[in-house]
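J.: Below you'll find the structure I mean.
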Amino acid sequence: MKKIMITGALGQIGSELTLKLREIYGTDHVIATDIRSNDSEAATSGPFEMVDVTDGKTMLEVAKKHQVDSIIHMAALLSATAEANPVFAWNLNMGGLMNALEAARETGAQFFTPSSIGAFGPSTPKDLTPQDTICRPTTMYGVNKVSGELLSDYYYHKFGVDTRGLRFPGLVSYVTPPGGGTTDYAVEIYYEAMKNKAYTSYIAKGTYMDMMYMPDALNAIVNLMEADPAKLLHRNSFNVTAMSFEPEQIAAEIRKHIPEFVLMYDVDPVRQSIADSWPNAIDASAAKEEWGFKAEYDLARMTEDMLNKLK
């Protein structure tokens with residue numbers, strides 16, 4: 001990657017990824033784009049363009065204007081939000097992806113878009129979910145993600161676009177607030193622990209889900225994009241994970257730092273049903289074997305860092 005355009009650059013992942021890539025490749029070599037601007041560091045620290053991903057003409061114009069050789073497509077509606085407005089989610093998630101892939105095809109750019117454990121469904125094996133397995137999701141978000149994986153594969157095989165992707169678990173970050181995902185409780189719990197020493201979880205006790213700390217997620221994107229394409233057998237998309245836990249376990253780690261922390265429950269049936277359709281823990285061996293994926297943070301180290309940063 002030498003000249004990179006990021007869509008959805010002001011979102012949960014994009015805002016941190018933009019800054020990381022500018023540190024690595026240079027400020028002027030990373031073009032942040034989003035549907036609206038703000039005064040965040042991602043928008044103000046380097047080149048920024050207003051781009052609605054459903055407007056393919058503008059997206060292609062911006063890519064050509066900046067002569068990008070890599071497109072990282074992060075703009076999307078997340079799981080719980082998508083379930084509340086499925087038609088809008090399809091139009092944004094799939095229409096935006098098609099436009100981004102077309103821009104990559106037209107410019108010859110390398111391409112990345114994230115998938116998710118949401119691509120799995122109730123019939124997927126729950127424990128050590130394989131890289132290659134049945135994907136029959138029961139949410140619009142999951143349908144979008146499976147479709148996106150297939151569409152990215154199609155552009156690779158049909159047009160030779162160098163497409164790559166990761167199936168992300170829930171991502172935990174102290175930089176940006178949650179954006180409507182099912183796993184957001186694992187972010188909210190730290191904020192509430194610091195502010196109120198208590199949290200009411202919308203996810204039920206005993207519900208295991210894969211998680212990853214944002215620094216590991218950002219490193220995974222960079223390492224996959226820099227990987228030797230000849231060694232990539234899967235491309236779209238690799239299972240990645242760092243840890244799997246349920247609410248009581250994250251609460252126990254928080255109590256090591258805030259002993260008076262209290263965890264309560266008020267289960268949201270919509271988000272709980274989504275969580276119940278996902279795996280407990282996935283197998284990331286293909287990512288490890290094909291491009292050396294490795295996570296640095298476990299639950300204890302992530303909790304310590306989150307609480308220190310939020311202070």
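Residues are named by chain letter and number: chains run A, B, ... in the order of the structure tokens, numbers start at 1 in each chain, and ligands are numbered from 1 in the order shown.
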Using only C-alpha atoms, tabulate the residues of range 21-114 of chain A lying at most 9 Å from any atom of range 223-232 of chain A, each with its closest atom pair and that distance in Å to one decimal, by chain and increasing residue number, as JSON lines.

T.:
```
{"residue": "A:Gln110", "atom": "CA", "partner": "A:Met225", "partner_atom": "CA", "distance": 8.2}
{"residue": "A:Phe111", "atom": "CA", "partner": "A:Met225", "partner_atom": "CA", "distance": 8.3}
{"residue": "A:Phe112", "atom": "CA", "partner": "A:Met225", "partner_atom": "CA", "distance": 7.5}
```

J.: When you look at range 291-299 of chain A with a cut-off of 7 Å (counting only C-alpha atoms), what residues show up, excluding the ones that are within fewer than 5 positions of it in the same chain? I need them as a list in words.

T.: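 Using only C-alpha atoms, the neighbours found are Tyr213, Asp216, Ala220, Leu224, Ala227, Ala242 and Met243 of chain A.
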
J.: What are the DSSP helix (DSSP H, G or I) residues of range 2-54 of chain A, as a ChimeraX atom specification?

T.: /A:14-25,27-29,41-44

J.: Counting only C-alpha atoms, which residue out of A:Val87, A:Met74, A:Ala281, A:Ile24 sits closest to Pro125 in chain A?

T.: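 So, comparing all the options, the nearest one is A:Ala281.
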
J.: Can you tell me which residues surround range 13-19 of chain A at a distance of at most 9 Å, considering only C-alpha atoms, apart from same-chain residues fewer than 5 positions away, and format the answer as a PyMOL selection string?

T.: chain A and resi 6-8+24+27+30-32+40-43+45+73-75+171+173+175-176+214-215+217-218+221

J.: Can you work out which one of A:Thr107, A:Asn91, A:Thr207, A:Thr124 has the shortest atom-to-atom distance to Asp162 in chain A, counting only C-alpha atoms?

T.: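 Distance minimum relative to Asp162 in chain A lands on A:Thr107.
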
J.: Measuring between only C-alpha atoms, which one of A:Thr183, A:Met94, A:Ala80, A:Glu248 shows the shortest distance to Gly170 in chain A?

T.: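 Ranking A:Thr183, A:Met94, A:Ala80, A:Glu248 by distance to Gly170 in chain A, first place goes to A:Thr183.
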
J.: Could you tell me which of A:Tyr265, A:Phe238, A:Tyr185, A:Tyr156 comes closest to Gly108 in chain A if we count only C-alpha atoms?

T.: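 Of all the options, A:Tyr156 lies closest to Gly108 in chain A.
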
J.: From the options A:Met140, A:Leu101, A:Met5, A:Met50, which residue's atoms come nearest to Lys64 in chain A, counting only C-alpha atoms?

T.: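 Closest candidate: A:Met5.
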
J.: Identify, on the basis of only C-alpha atoms, every residue whose closest approach to Ser285 in chain A does not exceed 9 Å; exclude the query and any residue fewer than 4 positions from it along the same chain; express the result as a ChimeraX atom specification.

T.: /A:130-131,239-240,289-290,293

J.: Take the residues that were just selected and, keeping N, CA and C atoms, output them as a compact mmCIF listing (two decimals), in the first residue's frame.

T.:
```txt
# COMPACT_ATOMS: atom_id res chain seq x y z
N PRO A 130 -14.95 -23.44 12.15
CA PRO A 130 -13.89 -23.55 11.14
C PRO A 130 -13.86 -22.35 10.18
N GLN A 131 -12.73 -22.20 9.51
CA GLN A 131 -12.63 -21.19 8.47
C GLN A 131 -13.65 -21.46 7.36
N ASN A 239 -11.08 -15.90 9.37
CA ASN A 239 -11.46 -15.87 10.78
C ASN A 239 -10.31 -15.26 11.59
N VAL A 240 -10.60 -14.29 12.44
CA VAL A 240 -9.62 -13.79 13.41
C VAL A 240 -10.32 -13.61 14.76
N GLU A 289 -1.70 -19.47 9.70
CA GLU A 289 -0.86 -20.24 8.77
C GLU A 289 -0.55 -19.47 7.49
N GLU A 290 -1.52 -18.70 6.98
CA GLU A 290 -1.36 -18.09 5.66
C GLU A 290 -0.69 -16.72 5.69
N PHE A 293 -1.09 -14.29 11.38
CA PHE A 293 -1.92 -13.55 12.34
C PHE A 293 -1.58 -13.95 13.78
```

J.: In Å to one decimal, how far is CA of Val143 in chain A from CA of Pro86 in chain A?

T.: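 Rounded to one decimal, the two atoms are 10.2 Å apart.
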
J.: Identify, on the basis of only C-alpha atoms, every residue whose closest approach to Tyr208 in chain A does not exceed 10 Å; exclude the query and any residue fewer than 5 positions from it along the same chain; express the result as a list of chain:residue names.

T.: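 Returned residues: A:Lys126, A:Ile203, A:Met243, A:Ser244, A:Phe245, A:Glu246, A:Pro247, A:Glu248, A:Gln249, A:Ala275, A:Asp276, A:Trp278, A:Pro279, A:Asn280, A:Ala281.
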
J.: Compare A:Tyr174, A:Ala286, A:Val51, A:His234 by their minimum atom-to-atom distance to Glu304 in chain A, counting only C-alpha atoms, and give me the closest one.

T.: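 Result for the nearest residue to Glu304 in chain A: A:Tyr174.
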
J.: Interatomic distance between CA of Lys65 in chain A and CA of Ala104 in chain A?

T.: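 Separation of CA of Lys65 in chain A and CA of Ala104 in chain A: 13.4 Å.
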
J.: I need the strand (DSSP E) residues of range 88-287 of chain A per DSSP on the backbone, written as a ChimeraX atom specification.

T.: /A:110-112,115-116,127-129,163-164,166-168,170-172,198-201,209-213,238-239,243-245,262-265,281-282

J.: Hey, what's within 9 Å of Lys3 in chain A if we count only C-alpha atoms and toss same-chain stuff fewer than 5 positions away? As a list in words, please?

T.: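 Contacts, with the query itself left out: Tyr25, Asp28, His29, Val30, Ile31, His66, Gln67, Val68, Asp69, Ser70 and Ile71 of chain A.
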
J.: Mind checking which residues fall within 8 Å of Tyr191 in chain A, counting only C-alpha atoms, ignoring those fewer than 4 positions away in the same chain, and posting them as a count of residues only?

T.: 3

J.: Quick one, how far is CA of Leu92 in chain A from CA of Leu77 in chain A?

T.: 7.2 Å
